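K.L.:
Below is the structure I would like to discuss, written out as structure tokens.
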Number of protein chains: 2
Amino acid sequence: MEKLSIEDMAVFCKRKGFAYPNSEIYGGISGFWDFGHLGVELKNNIKREWWKFHVNDREDIVGMDGSIITHPRVWEASGHVESFEDVMLTCSKCKERIRADHFIEDKLKISVEGLDSKEIDKLVNKNKLKCPKCGSSFEDIKDFNLMFKTNVGPREDKTSVSYLRPETAQLIFVDFKLVVENARLKLPFGIAQIGKAFRNEISPRDFLFRSREFEQMEIEYFVHPDQTDKCPYVKEVMSKELNFYTEEMQQKNKKPIRMKVKDALNKKLVSEWHAYWLATEQKWFTDLGANPDNFRIRQHLKKEKSHYALDTWDLEYNFPFGWKELQGFSNRTDFDLKQHIKFSGKDLSIFDEETKKKIVPHVVAEPSLGVERAFLVFMFDAYTYDKKRGNVVLRLHPRLAPMTVAVFPLVSNKPQIVKKAKEVRDGLKKYFNVFYDQGGSIGRRYARQDEIGTTLCITVDFDSVEGSDVTIRERDTTKQVRVKIKDICHKIWEYMEGAQFEKLGKKIR
Amino acid sequence: MEKLSIEDMAVFCKRKGFAYPNSEIYGGISGFWDFGHLGVELKNNIKREWWKFHVNDREDIVGMDGSIITHPRVWEASGHVESFEDVMLTCSKCKERIRADHFIEDKLKISVEGLDSKEIDKLVNKNKLKCPKCGSSFEDIKDFNLMFKTNVGPREDKTSVSYLRPETAQLIFVDFKLVVENARLKLPFGIAQIGKAFRNEISPRDFLFRSREFEQMEIEYFVHPDQTDKCPYVKEVMSKELNFYTEEMQQKNKKPIRMKVKDALNKKLVSEWHAYWLATEQKWFTDLGANPDNFRIRQHLKKEKSHYALDTWDLEYNFPFGWKELQGFSNRTDFDLKQHIKFSGKDLSIFDEETKKKIVPHVVAEPSLGVERAFLVFMFDAYTYDKKRGNVVLRLHPRLAPMTVAVFPLVSNKPQIVKKAKEVRDGLKKYFNVFYDQGGSIGRRYARQDEIGTTLCITVDFDSVEGSDVTIRERDTTKQVRVKIKDICHKIWEYMEGAQFEKLGKKIR
């Protein structure tokens with residue numbers, strides 16, 4: 001099936017209550033999005049599943065939650081004040097400002113990754129690029145810092161300037177010592193965080209993909225400086241297949257190659273830690289229903305790496321607007337901790353029980369994922385149009401679907417049936433997200449639930465009142481089984497844990 | 001037992017990994033706090049329980065999630081640009097700036113609620129108040145707007161000014177029409193939201209209680225303009241007892257009176273909607289283990305009411321620094337929706353199926369609670385020092401405790417016991433937050449878990465390896481029962497759902 005365009009996905013999300021432009025009644029504000037009554041549930045489910053998989057289910061990772069506004073020195077130490085910039089073009093006439101790299105890439109169909117502002121300026125002049133709005137030439141090129149600035153406290157001057165965090169990562173480094181000591185962590189370990197971050201993008205685009213306000217789910221994973229080559233968990237992912245796209249393949253215009261982690265390690269295409277984290281993160285997506293064919297892992301070219309990174313791989317997804325980064329896995333070395341040691345004058349090293357020396361751990365990978373990008377991945381892979389049914393079916397994983405169950409009385413004009421249906425609903429509500437609907441034909445009600453991804457539909461009919469059983473219908477197959485009312489809760493639980501639908505009850509269709 | 005002071009609570013929270021000052025290695029930044037590895041779990045549990053109670057368990061409330069930065073017109077319409085201000089005193093010599101009302105209340109021990117800046121100025125002059133830092137006199141009094149300002153987009157000028165939201169409420173009003181239509185809501189209904197809000201407090205204080213960045217859990221509850229007196233759910237709370245502190249009691253210097261909602265309604269002390277929401281919100285706290293004796297409901301005095309409110313009640317908690325607001329319940333009428341209709345020119349009315357007319361619903365209550373204030377309430381009511389045990393016991397409700405279970409091998413030098421203990425841990429991890437600890441004596445390990453509120457401790461001993469059972473110990477009583485390993489998961493589940501500890505297994509202590 002052809003993939004929905006990003007614009008059509010935005011329309012679908014708005015129409016069904018998943019996401020819409022912020023403050024639309026005031027004409028909107030570019031780069032900001034709100035989540036509707038279903039979108040907020042999907043987003044909460046994504047965050048809960050991420051936290052459970054990465055923090056609660058593991059022994060080596062703990063969480064924390066830092067504030068959005070923090071001390072401005074944090075961003076001096078991290079390098080953001082000096083160099084978290086995009087190159088900006090300003091029209092000499094209409095003063096329109098646009099992001100240079102995207103503009104050139106769109107116009108000339110070439111990549112400008114890694115070029116500095118002078119090189120970009122040359123490209124603009126050489127190709128005689130003009131303002132897309134009024135056709136005039138551009139002013140001298142400028143660097144534009146992407147951090148949102150504000151003033152903290154009652155004085156509005158230079159001394160009170162602070163920033164909205166452009167990433168969650170630095171909060172982890174700043175609180176590193178406190179978390180390590182409180183949680184008595186032993187290397188290797190990770191510290192995880194979910195929270196909002198802000199980037200004043202010159203030109204936000206692609207719906208939720210590149211917005212100015214977004215939410216990150218991030219881990220900084222720390223290892224002993226002598227152990228950056230050895231990952232004790234790599235065994236777990238050896239047999240996993242990934243779609244490798246190395247720097248060499250890109251330079252030689254080759255296609256990505258699907259191979260086992262084991263083979264990639266033998267060929268030394270990737271480090272053990274990168275292999276482990278890339279495979280683990282792709283597993284998180286595919287365990288929750290994403291299609292593995294839509295993922296690849298791409299090594300950064302030398303010129304595109306960040307100032308702090310030794311080697312970086314991106315987990316990429318095949319969006320309708322191309323392969324794009326979901327997560328960047330930088331080997332940040334000890335860059336950040338050392339910067340904060342330098343700028344704060346505080347000792348952030350930890351004691352190595354083996355060598356009795358103080359060490360500054362290395363960050364071998366920082367699995368960092370935008371909640372909104374995960375949201376899009378799951379929506380794109382779930383969205384299907386079912387010709388036979390004549391409606392959209394949103395095949396979200398049962399643990400992600402905004403509603404787990406819908407309960408319908410077969411008819412709305414028989415009080416016993418309505419009463420029984422409400423009893424069924426009330427019995428389930430404590431444990432699952434339940435939607436109750438008594439409006440319209442059963443077919444119409446099924447279609448409505450299919451479109452919003454509700455996993456199971458329960459119909460209460462005349463026999464339910466007599467025989468105390470109901471019909472449960474599976475969204476993905478439209479198969480139906482008959483189940484005793486007293487067993488429903490337990491049966492749904494089993495289904496959520498992976499049990500086959502047909503085994504839940506007596507098959508009736 | 002005497003309550004911990006707020007300062008001692010801050011020390012405890014930092015020492016145990018619940019919360020600490022943001023960017024402490026850079027000297028901190030006043031009014032911003034980070035949550036540690038246990039604090040983030042407690043905070044997540046609070047938010048999850050709130051959402052479940054208010055959204056998922058109800059038929060009449062749906063959620064949404066709006067952005068922090070929004071269109072600046074939103075804050076013009078809401079009145080925040082013009083009047084979300086505190087009165088500020090500036091020292092004529094050292095230029096220290098302080099919040100006038102708190103300063104006067106601390107110095108003169110009187111309330112200045114509702115006084116305007118001129119009246120406050122008079123008080124300062126009359127009482128010859130001086131700068132607390134250098135002793136000089138103050139400059140002319142000024143109003144200070146509490147919204148954090150920033151610039152959105154590549155231009156940094158007046159046209160790009162926007163604000164960090166000072167409350168979540170307005171996002172609900174702005175998205176009102178979209179949510180109502182998408183979720184097909186029928187009056188009365190509520191729209192709920194959890195998210196960060198920011199207030200540039202002149203002088204933040206009292207640890208997490210008054211910070212510059214905080215998180216709100218909020219409902220705007222909408223009713224038909226003709227039904228603002230009648231709450232269909234009031235029956236549910238009739239027999240609940242609340243500690244009423246009406247405007248009259250305050251004016252006559254009387255004490256609050258504990259009475260049933262039924263009696264208060266008969267005496268017309270409170271409206272049905274206020275009674276319903278106040279009782280419901282107090283129930284949320286007490287169901288999760290808060291002490292009802294520490295709550296009272298206080299009616300706002302006429303002079304302290306916000307510009308939009310018809311009648312306001314606060315749910316207050318007895319903090320160590322006095323009775324303070326947890327939640328304000330304003331009857332906001334149709335003020336906000338009408339303002340947004342006026343400023344946006346958009347029709348935000350909804351169709352009344354009965355009268356076939358278009359109506360603008362009234363907000364009868366907006367249960368709005370700071371996550372951090374709830375955090376403090378649960379921590380204060382949970383914190384106890386157990387003299388017999390000689391350690392702190394943090395009696396958090398099982399659904400709030402950062403860790404549900406701790407698993408210990410009795411000794412760490414017997415491989416079979418360690419192996420079995422890890423098996424027990426792995427079996428539980430999928431369903432609960434589990435902490436594994438094999439360091440130090442069992443007594444020491446119990447004490448460590450008591451201090452962080454872990455609900456149950458499981459010890460795996462020699463008999464566990466032979467007989468496949470373990471000892472489970474209850475935090476609050478130190479009682480112990482013996483349970484089969486295969487039953488543990490199920491038994492803990494029952495306990496979390498309210499089952500008595502003694503009934504989980506064979507009593508051994």
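Residue numbering restarts at 1 for every chain of the structure tokens, chains are lettered A, B, ... in their displayed order, and ligands are numbered from 1 as they appear.
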Only residues of chain A matter here; which ones have an atom within 7 Å of chain B, counting only C-alpha atoms? Give them as a ChimeraX atom specification.
P.N.:
/A:15-17,22-23,25-26,28-29,32-37,40,56-57,62-67,70-71,97,148-154,174-175,179,182-183,200-202,344,346,429-430,433
K.L.:
Running DSSP on the backbone, which parts of stretch 176-282 of chain A land in strand (DSSP E or B), as a VMD selection string?
P.N.:
chain A and resid 189 to 198 205 210 213 to 223 241 to 245 257 to 260
K.L.:
Just the selected residues (N, CA, C and O atoms), exported as a tab-separated table (two decimals), in the first residue's frame, please.
P.N.:
chain	number	residue	atom	x	y	z
A	189	PHE	N	26.59	1.96	33.32
A	189	PHE	CA	25.20	2.30	33.70
A	189	PHE	C	24.67	3.42	32.82
A	189	PHE	O	25.44	4.13	32.15
A	190	GLY	N	23.37	3.56	32.85
A	190	GLY	CA	22.75	4.63	32.09
A	190	GLY	C	21.87	5.48	32.98
A	190	GLY	O	21.41	5.04	34.03
A	191	ILE	N	21.66	6.73	32.57
A	191	ILE	CA	20.70	7.61	33.24
A	191	ILE	C	19.73	8.08	32.17
A	191	ILE	O	20.15	8.54	31.11
A	192	ALA	N	18.44	7.91	32.46
A	192	ALA	CA	17.41	8.18	31.46
A	192	ALA	C	16.55	9.37	31.86
A	192	ALA	O	16.41	9.67	33.05
A	193	GLN	N	15.98	10.01	30.87
A	193	GLN	CA	15.14	11.16	31.15
A	193	GLN	C	14.15	11.36	30.01
A	193	GLN	O	14.49	11.21	28.84
A	194	ILE	N	12.92	11.71	30.38
A	194	ILE	CA	11.93	12.11	29.38
A	194	ILE	C	11.52	13.54	29.68
A	194	ILE	O	11.21	13.85	30.82
A	195	GLY	N	11.52	14.39	28.67
A	195	GLY	CA	11.07	15.75	28.94
A	195	GLY	C	11.15	16.62	27.71
A	195	GLY	O	11.76	16.27	26.70
A	196	LYS	N	10.53	17.79	27.83
A	196	LYS	CA	10.46	18.70	26.70
A	196	LYS	C	11.81	19.34	26.41
A	196	LYS	O	12.61	19.56	27.33
A	197	ALA	N	12.03	19.65	25.16
A	197	ALA	CA	13.17	20.45	24.73
A	197	ALA	C	12.68	21.40	23.64
A	197	ALA	O	11.61	21.18	23.05
A	198	PHE	N	13.44	22.45	23.41
A	198	PHE	CA	12.98	23.54	22.54
A	198	PHE	C	14.09	23.95	21.60
A	198	PHE	O	15.23	24.15	22.04
A	205	ARG	N	9.09	22.28	9.85
A	205	ARG	CA	8.32	21.67	8.75
A	205	ARG	C	8.06	20.19	9.01
A	205	ARG	O	8.54	19.64	10.00
A	210	ARG	N	9.66	18.11	12.59
A	210	ARG	CA	10.60	19.16	12.98
A	210	ARG	C	9.84	20.34	13.55
A	210	ARG	O	9.42	21.24	12.84
A	213	GLU	N	8.95	22.91	19.63
A	213	GLU	CA	8.80	22.35	20.99
A	213	GLU	C	8.56	20.87	20.81
A	213	GLU	O	7.68	20.46	20.05
A	214	PHE	N	9.34	20.05	21.49
A	214	PHE	CA	9.18	18.60	21.32
A	214	PHE	C	9.61	17.92	22.62
A	214	PHE	O	10.07	18.56	23.56
A	215	GLU	N	9.43	16.62	22.65
A	215	GLU	CA	9.73	15.89	23.88
A	215	GLU	C	10.77	14.83	23.57
A	215	GLU	O	10.64	14.10	22.57
A	216	GLN	N	11.80	14.74	24.39
A	216	GLN	CA	12.84	13.74	24.16
A	216	GLN	C	12.75	12.61	25.17
A	216	GLN	O	12.40	12.82	26.33
A	217	MET	N	13.11	11.42	24.71
A	217	MET	CA	13.29	10.28	25.61
A	217	MET	C	14.75	9.90	25.43
A	217	MET	O	15.15	9.51	24.34
A	218	GLU	N	15.51	10.04	26.47
A	218	GLU	CA	16.96	10.00	26.28
A	218	GLU	C	17.67	9.19	27.36
A	218	GLU	O	17.30	9.23	28.52
A	219	ILE	N	18.73	8.51	26.91
A	219	ILE	CA	19.62	7.84	27.86
A	219	ILE	C	21.03	8.30	27.58
A	219	ILE	O	21.45	8.36	26.42
A	220	GLU	N	21.76	8.62	28.62
A	220	GLU	CA	23.22	8.75	28.49
A	220	GLU	C	23.78	7.48	29.12
A	220	GLU	O	23.52	7.19	30.29
A	221	TYR	N	24.54	6.75	28.31
A	221	TYR	CA	25.05	5.47	28.80
A	221	TYR	C	26.57	5.56	29.03
A	221	TYR	O	27.34	5.83	28.11
A	222	PHE	N	26.97	5.36	30.30
A	222	PHE	CA	28.35	5.59	30.72
A	222	PHE	C	29.11	4.29	30.90
A	222	PHE	O	28.61	3.35	31.53
A	223	VAL	N	30.34	4.26	30.39
A	223	VAL	CA	31.17	3.06	30.59
A	223	VAL	C	32.55	3.49	31.06
A	223	VAL	O	32.96	4.64	30.92
A	241	GLU	N	18.90	-8.93	12.90
A	241	GLU	CA	19.26	-8.42	11.58
A	241	GLU	C	18.98	-6.93	11.49
A	241	GLU	O	17.88	-6.48	11.84
A	242	LEU	N	19.97	-6.19	11.01
A	242	LEU	CA	19.78	-4.75	10.82
A	242	LEU	C	20.17	-4.39	9.40
A	242	LEU	O	20.91	-5.10	8.74
A	243	ASN	N	19.67	-3.25	8.99
A	243	ASN	CA	19.91	-2.75	7.64
A	243	ASN	C	21.06	-1.74	7.73
A	243	ASN	O	20.84	-0.58	8.06
A	244	PHE	N	22.29	-2.21	7.47
A	244	PHE	CA	23.48	-1.39	7.69
A	244	PHE	C	23.76	-0.46	6.50
A	244	PHE	O	23.78	-0.90	5.36
A	245	TYR	N	24.07	0.78	6.80
A	245	TYR	CA	24.40	1.76	5.76
A	245	TYR	C	25.64	2.53	6.25
A	245	TYR	O	25.53	3.60	6.86
A	257	ILE	N	22.96	-2.70	3.38
A	257	ILE	CA	22.95	-4.16	3.36
A	257	ILE	C	22.37	-4.70	4.66
A	257	ILE	O	22.75	-4.29	5.75
A	258	ARG	N	21.42	-5.61	4.51
A	258	ARG	CA	20.79	-6.24	5.66
A	258	ARG	C	21.70	-7.37	6.14
A	258	ARG	O	22.04	-8.27	5.37
A	259	MET	N	22.14	-7.31	7.37
A	259	MET	CA	22.96	-8.41	7.88
A	259	MET	C	22.82	-8.55	9.38
A	259	MET	O	22.31	-7.66	10.06
A	260	LYS	N	23.28	-9.71	9.88
A	260	LYS	CA	23.21	-9.96	11.31
A	260	LYS	C	24.27	-9.13	12.03
A	260	LYS	O	25.35	-8.89	11.50
K.L.:
Just list as a PDB file with N, CA and C atoms, in the first residue's frame whatever in stretch 43-166 of chain B DSSP marks as alpha helix (DSSP H).
P.N.:
ATOM      1  N   LYS B  43       6.914  10.943  41.064  1.00  0.00           N
ATOM      2  CA  LYS B  43       6.203  11.936  40.247  1.00  0.00           C
ATOM      3  C   LYS B  43       5.416  11.245  39.125  1.00  0.00           C
ATOM      4  N   ASN B  44       6.035  10.292  38.460  1.00  0.00           N
ATOM      5  CA  ASN B  44       5.315   9.555  37.414  1.00  0.00           C
ATOM      6  C   ASN B  44       4.103   8.823  37.986  1.00  0.00           C
ATOM      7  N   ASN B  45       4.275   8.237  39.175  1.00  0.00           N
ATOM      8  CA  ASN B  45       3.153   7.526  39.802  1.00  0.00           C
ATOM      9  C   ASN B  45       2.019   8.485  40.147  1.00  0.00           C
ATOM     10  N   ILE B  46       2.368   9.652  40.672  1.00  0.00           N
ATOM     11  CA  ILE B  46       1.344  10.654  41.001  1.00  0.00           C
ATOM     12  C   ILE B  46       0.568  11.039  39.744  1.00  0.00           C
ATOM     13  N   LYS B  47       1.299  11.308  38.667  1.00  0.00           N
ATOM     14  CA  LYS B  47       0.636  11.734  37.433  1.00  0.00           C
ATOM     15  C   LYS B  47      -0.229  10.612  36.859  1.00  0.00           C
ATOM     16  N   ARG B  48       0.287   9.388  36.905  1.00  0.00           N
ATOM     17  CA  ARG B  48      -0.486   8.267  36.368  1.00  0.00           C
ATOM     18  C   ARG B  48      -1.770   8.061  37.168  1.00  0.00           C
ATOM     19  N   GLU B  49      -1.666   8.122  38.510  1.00  0.00           N
ATOM     20  CA  GLU B  49      -2.857   7.933  39.351  1.00  0.00           C
ATOM     21  C   GLU B  49      -3.866   9.054  39.139  1.00  0.00           C
ATOM     22  N   TRP B  50      -3.359  10.270  38.972  1.00  0.00           N
ATOM     23  CA  TRP B  50      -4.255  11.408  38.745  1.00  0.00           C
ATOM     24  C   TRP B  50      -5.022  11.229  37.429  1.00  0.00           C
ATOM     25  N   TRP B  51      -4.277  10.857  36.396  1.00  0.00           N
ATOM     26  CA  TRP B  51      -4.878  10.696  35.056  1.00  0.00           C
ATOM     27  C   TRP B  51      -5.902   9.571  35.061  1.00  0.00           C
ATOM     28  N   ARG B  73      -1.429  36.032  21.478  1.00  0.00           N
ATOM     29  CA  ARG B  73      -2.799  36.554  21.638  1.00  0.00           C
ATOM     30  C   ARG B  73      -3.570  35.781  22.709  1.00  0.00           C
ATOM     31  N   VAL B  74      -3.201  34.532  22.914  1.00  0.00           N
ATOM     32  CA  VAL B  74      -3.859  33.719  23.939  1.00  0.00           C
ATOM     33  C   VAL B  74      -3.775  34.427  25.288  1.00  0.00           C
ATOM     34  N   TRP B  75      -2.611  35.013  25.562  1.00  0.00           N
ATOM     35  CA  TRP B  75      -2.386  35.626  26.881  1.00  0.00           C
ATOM     36  C   TRP B  75      -2.898  37.057  26.948  1.00  0.00           C
ATOM     37  N   GLU B  76      -3.160  37.626  25.769  1.00  0.00           N
ATOM     38  CA  GLU B  76      -3.879  38.910  25.768  1.00  0.00           C
ATOM     39  C   GLU B  76      -5.337  38.643  26.093  1.00  0.00           C
ATOM     40  N   ALA B  77      -5.905  37.639  25.437  1.00  0.00           N
ATOM     41  CA  ALA B  77      -7.311  37.303  25.665  1.00  0.00           C
ATOM     42  C   ALA B  77      -7.560  36.901  27.123  1.00  0.00           C
ATOM     43  N   HIS B  80      -3.641  37.789  30.984  1.00  0.00           N
ATOM     44  CA  HIS B  80      -2.339  37.637  31.635  1.00  0.00           C
ATOM     45  C   HIS B  80      -1.329  38.709  31.239  1.00  0.00           C
ATOM     46  N   VAL B  81      -1.377  39.147  29.973  1.00  0.00           N
ATOM     47  CA  VAL B  81      -0.406  40.171  29.543  1.00  0.00           C
ATOM     48  C   VAL B  81      -0.635  41.444  30.353  1.00  0.00           C
ATOM     49  N   GLU B  82      -1.906  41.749  30.586  1.00  0.00           N
ATOM     50  CA  GLU B  82      -2.196  42.999  31.284  1.00  0.00           C
ATOM     51  C   GLU B  82      -2.077  42.882  32.793  1.00  0.00           C
ATOM     52  N   SER B  83      -2.509  41.728  33.341  1.00  0.00           N
ATOM     53  CA  SER B  83      -2.640  41.778  34.797  1.00  0.00           C
ATOM     54  C   SER B  83      -2.117  40.575  35.581  1.00  0.00           C
ATOM     55  N   ALA B 100       6.527  42.261  47.171  1.00  0.00           N
ATOM     56  CA  ALA B 100       6.020  43.119  48.234  1.00  0.00           C
ATOM     57  C   ALA B 100       5.097  42.398  49.215  1.00  0.00           C
ATOM     58  N   ASP B 101       4.138  41.613  48.693  1.00  0.00           N
ATOM     59  CA  ASP B 101       3.131  41.030  49.593  1.00  0.00           C
ATOM     60  C   ASP B 101       3.764  40.061  50.597  1.00  0.00           C
ATOM     61  N   HIS B 102       4.638  39.193  50.107  1.00  0.00           N
ATOM     62  CA  HIS B 102       5.290  38.257  51.031  1.00  0.00           C
ATOM     63  C   HIS B 102       6.152  38.994  52.046  1.00  0.00           C
ATOM     64  N   PHE B 103       6.853  40.018  51.604  1.00  0.00           N
ATOM     65  CA  PHE B 103       7.743  40.792  52.468  1.00  0.00           C
ATOM     66  C   PHE B 103       6.948  41.457  53.601  1.00  0.00           C
ATOM     67  N   ILE B 104       5.837  42.088  53.211  1.00  0.00           N
ATOM     68  CA  ILE B 104       5.010  42.769  54.218  1.00  0.00           C
ATOM     69  C   ILE B 104       4.374  41.757  55.169  1.00  0.00           C
ATOM     70  N   GLU B 105       3.873  40.660  54.607  1.00  0.00           N
ATOM     71  CA  GLU B 105       3.248  39.636  55.462  1.00  0.00           C
ATOM     72  C   GLU B 105       4.254  39.079  56.470  1.00  0.00           C
ATOM     73  N   ASP B 106       5.496  38.848  56.014  1.00  0.00           N
ATOM     74  CA  ASP B 106       6.533  38.349  56.919  1.00  0.00           C
ATOM     75  C   ASP B 106       6.879  39.390  57.998  1.00  0.00           C
ATOM     76  N   LYS B 107       6.986  40.651  57.574  1.00  0.00           N
ATOM     77  CA  LYS B 107       7.430  41.722  58.483  1.00  0.00           C
ATOM     78  C   LYS B 107       6.331  42.134  59.456  1.00  0.00           C
ATOM     79  N   LEU B 108       5.130  42.367  58.920  1.00  0.00           N
ATOM     80  CA  LEU B 108       4.058  42.962  59.733  1.00  0.00           C
ATOM     81  C   LEU B 108       3.043  41.933  60.232  1.00  0.00           C
ATOM     82  N   SER B 117      -1.446  48.095  44.273  1.00  0.00           N
ATOM     83  CA  SER B 117      -0.070  48.530  44.511  1.00  0.00           C
ATOM     84  C   SER B 117      -0.007  49.842  45.305  1.00  0.00           C
ATOM     85  N   LYS B 118      -0.997  50.721  45.087  1.00  0.00           N
ATOM     86  CA  LYS B 118      -1.011  51.983  45.847  1.00  0.00           C
ATOM     87  C   LYS B 118      -1.174  51.736  47.344  1.00  0.00           C
ATOM     88  N   GLU B 119      -2.114  50.819  47.660  1.00  0.00           N
ATOM     89  CA  GLU B 119      -2.364  50.514  49.079  1.00  0.00           C
ATOM     90  C   GLU B 119      -1.139  49.859  49.720  1.00  0.00           C
ATOM     91  N   ILE B 120      -0.473  49.017  48.924  1.00  0.00           N
ATOM     92  CA  ILE B 120       0.738  48.365  49.433  1.00  0.00           C
ATOM     93  C   ILE B 120       1.836  49.399  49.662  1.00  0.00           C
ATOM     94  N   ASP B 121       1.951  50.344  48.726  1.00  0.00           N
ATOM     95  CA  ASP B 121       2.930  51.423  48.841  1.00  0.00           C
ATOM     96  C   ASP B 121       2.724  52.202  50.145  1.00  0.00           C
ATOM     97  N   LYS B 122       1.453  52.499  50.417  1.00  0.00           N
ATOM     98  CA  LYS B 122       1.117  53.217  51.659  1.00  0.00           C
ATOM     99  C   LYS B 122       1.616  52.465  52.882  1.00  0.00           C
ATOM    100  N   LEU B 123       1.333  51.140  52.900  1.00  0.00           N
ATOM    101  CA  LEU B 123       1.741  50.299  54.039  1.00  0.00           C
ATOM    102  C   LEU B 123       3.259  50.342  54.243  1.00  0.00           C
ATOM    103  N   VAL B 124       3.981  50.280  53.125  1.00  0.00           N
ATOM    104  CA  VAL B 124       5.451  50.297  53.185  1.00  0.00           C
ATOM    105  C   VAL B 124       5.938  51.610  53.802  1.00  0.00           C
ATOM    106  N   ASN B 125       5.361  52.711  53.309  1.00  0.00           N
ATOM    107  CA  ASN B 125       5.787  54.029  53.812  1.00  0.00           C
ATOM    108  C   ASN B 125       5.391  54.248  55.259  1.00  0.00           C
ATOM    109  N   LYS B 126       4.133  53.881  55.566  1.00  0.00           N
ATOM    110  CA  LYS B 126       3.606  54.088  56.913  1.00  0.00           C
ATOM    111  C   LYS B 126       4.446  53.334  57.943  1.00  0.00           C
TER     112      LYS B 126
END
K.L.:
Using only C-alpha atoms, can you tell me which of A:Pro409, A:Gly467, A:Gly427, A:Pro292 comes closest to A:Arg445?
P.N.:
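With only C-alpha atoms as the atom set, the closest residue is A:Pro409.
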K.L.:
Kindly give the distance, in Å, that separates atom CA of A:Asp263 and atom CA of A:Asn318, rounded to a single decimal.
P.N.:
23.9 Å
K.L.:
Do a neighbour search on B:Thr454 at 12 Å with only C-alpha atoms, toss out local chain neighbours closer than 6 positions, and write the hits as JSON, numbers by chain.
P.N.:
{"B": [38, 41, 42, 382, 392, 393, 394, 395, 396, 397, 398, 399, 400, 401, 402, 403, 404, 405, 406, 407, 432, 433, 434, 435, 436, 445, 446, 447, 448, 473, 474, 475, 476]}
K.L.:
Mind pulling up the distance from atom CA of B:Trp277 to atom CA of B:Pro367?
P.N.:
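Separation of atom CA of B:Pro367 and atom CA of B:Trp277: 7.1 Å.
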K.L.:
Would you mind listing what lies within 9 Å of B:Asp206 as a PyMOL selection string, with only C-alpha atoms counted and same-chain residues fewer than 5 positions away left out?
P.N.:
chain B and resi 6-7+211+321
K.L.:
Which residues are near A:Val360? Cut-off 9 Å, only C-alpha atoms, ignore same chain within fewer than 3 positions. Put them as number ranges by chain.
P.N.:
A: 224-225, 334, 337-338, 348-351
K.L.:
Compile the contact shell of A:Gln327 as a compact mmCIF listing (two decimals) with N, CA and C atoms, in the first residue's frame: residues with an atom at most 9 Å away, counting only C-alpha atoms, same-chain residues fewer than 5 positions apart removed.
P.N.:
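The resulting selection_7.txt:
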# COMPACT_ATOMS: atom_id res chain seq x y z
N LEU A 278 21.88 0.14 18.84
CA LEU A 278 21.07 0.26 17.62
C LEU A 278 20.07 -0.88 17.53
N GLU A 281 17.35 -0.53 20.25
CA GLU A 281 16.36 0.52 19.98
C GLU A 281 15.43 0.13 18.83
N TRP A 313 26.02 6.96 14.76
CA TRP A 313 25.12 6.23 13.88
C TRP A 313 23.71 6.74 14.13
N ASP A 314 22.94 6.83 13.07
CA ASP A 314 21.53 7.18 13.24
C ASP A 314 20.67 5.96 12.98
N LEU A 315 19.65 5.80 13.82
CA LEU A 315 18.58 4.87 13.47
C LEU A 315 17.61 5.68 12.61
N GLU A 316 17.42 5.25 11.37
CA GLU A 316 16.59 6.03 10.44
C GLU A 316 15.30 5.28 10.09
N GLU A 366 24.11 7.46 23.18
CA GLU A 366 23.06 8.21 23.87
C GLU A 366 21.78 8.02 23.08
N PRO A 367 21.13 6.88 23.30
CA PRO A 367 19.87 6.63 22.60
C PRO A 367 18.87 7.73 22.94
N SER A 368 18.63 8.60 22.00
CA SER A 368 17.85 9.80 22.25
C SER A 368 16.79 9.91 21.17
N LEU A 369 15.54 9.90 21.58
CA LEU A 369 14.44 9.77 20.62
C LEU A 369 13.37 10.81 20.90
N GLY A 370 12.92 11.48 19.86
CA GLY A 370 11.80 12.40 20.01
C GLY A 370 10.50 11.63 20.14
K.L.:
Residues at most 12 Å from B:Asn391, counting only C-alpha atoms, excluding those fewer than 4 positions away in the same chain, as an MDAnalysis selection string?
P.N.:
chainID B and resid 383:387 443:453 475
K.L.:
Counting only C-alpha atoms, figure out which residue out of A:Val470, A:Cys231, A:Val112, A:Leu456 gets nearest to A:Leu301.
P.N.:
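Closest to A:Leu301 of all the choices is A:Val112.
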K.L.:
Tell me which of A:Leu89, A:Thr355, A:Gln250, A:Gly114 sits closest to A:Ile141, counting only C-alpha atoms.
P.N.:
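Counting only C-alpha atoms, the residue closest to A:Ile141 is A:Leu89.
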K.L.:
One decimal, in Å: what's the spacing between atom CA of B:Asn253 and atom CA of B:His300?
P.N.:
14.4 Å
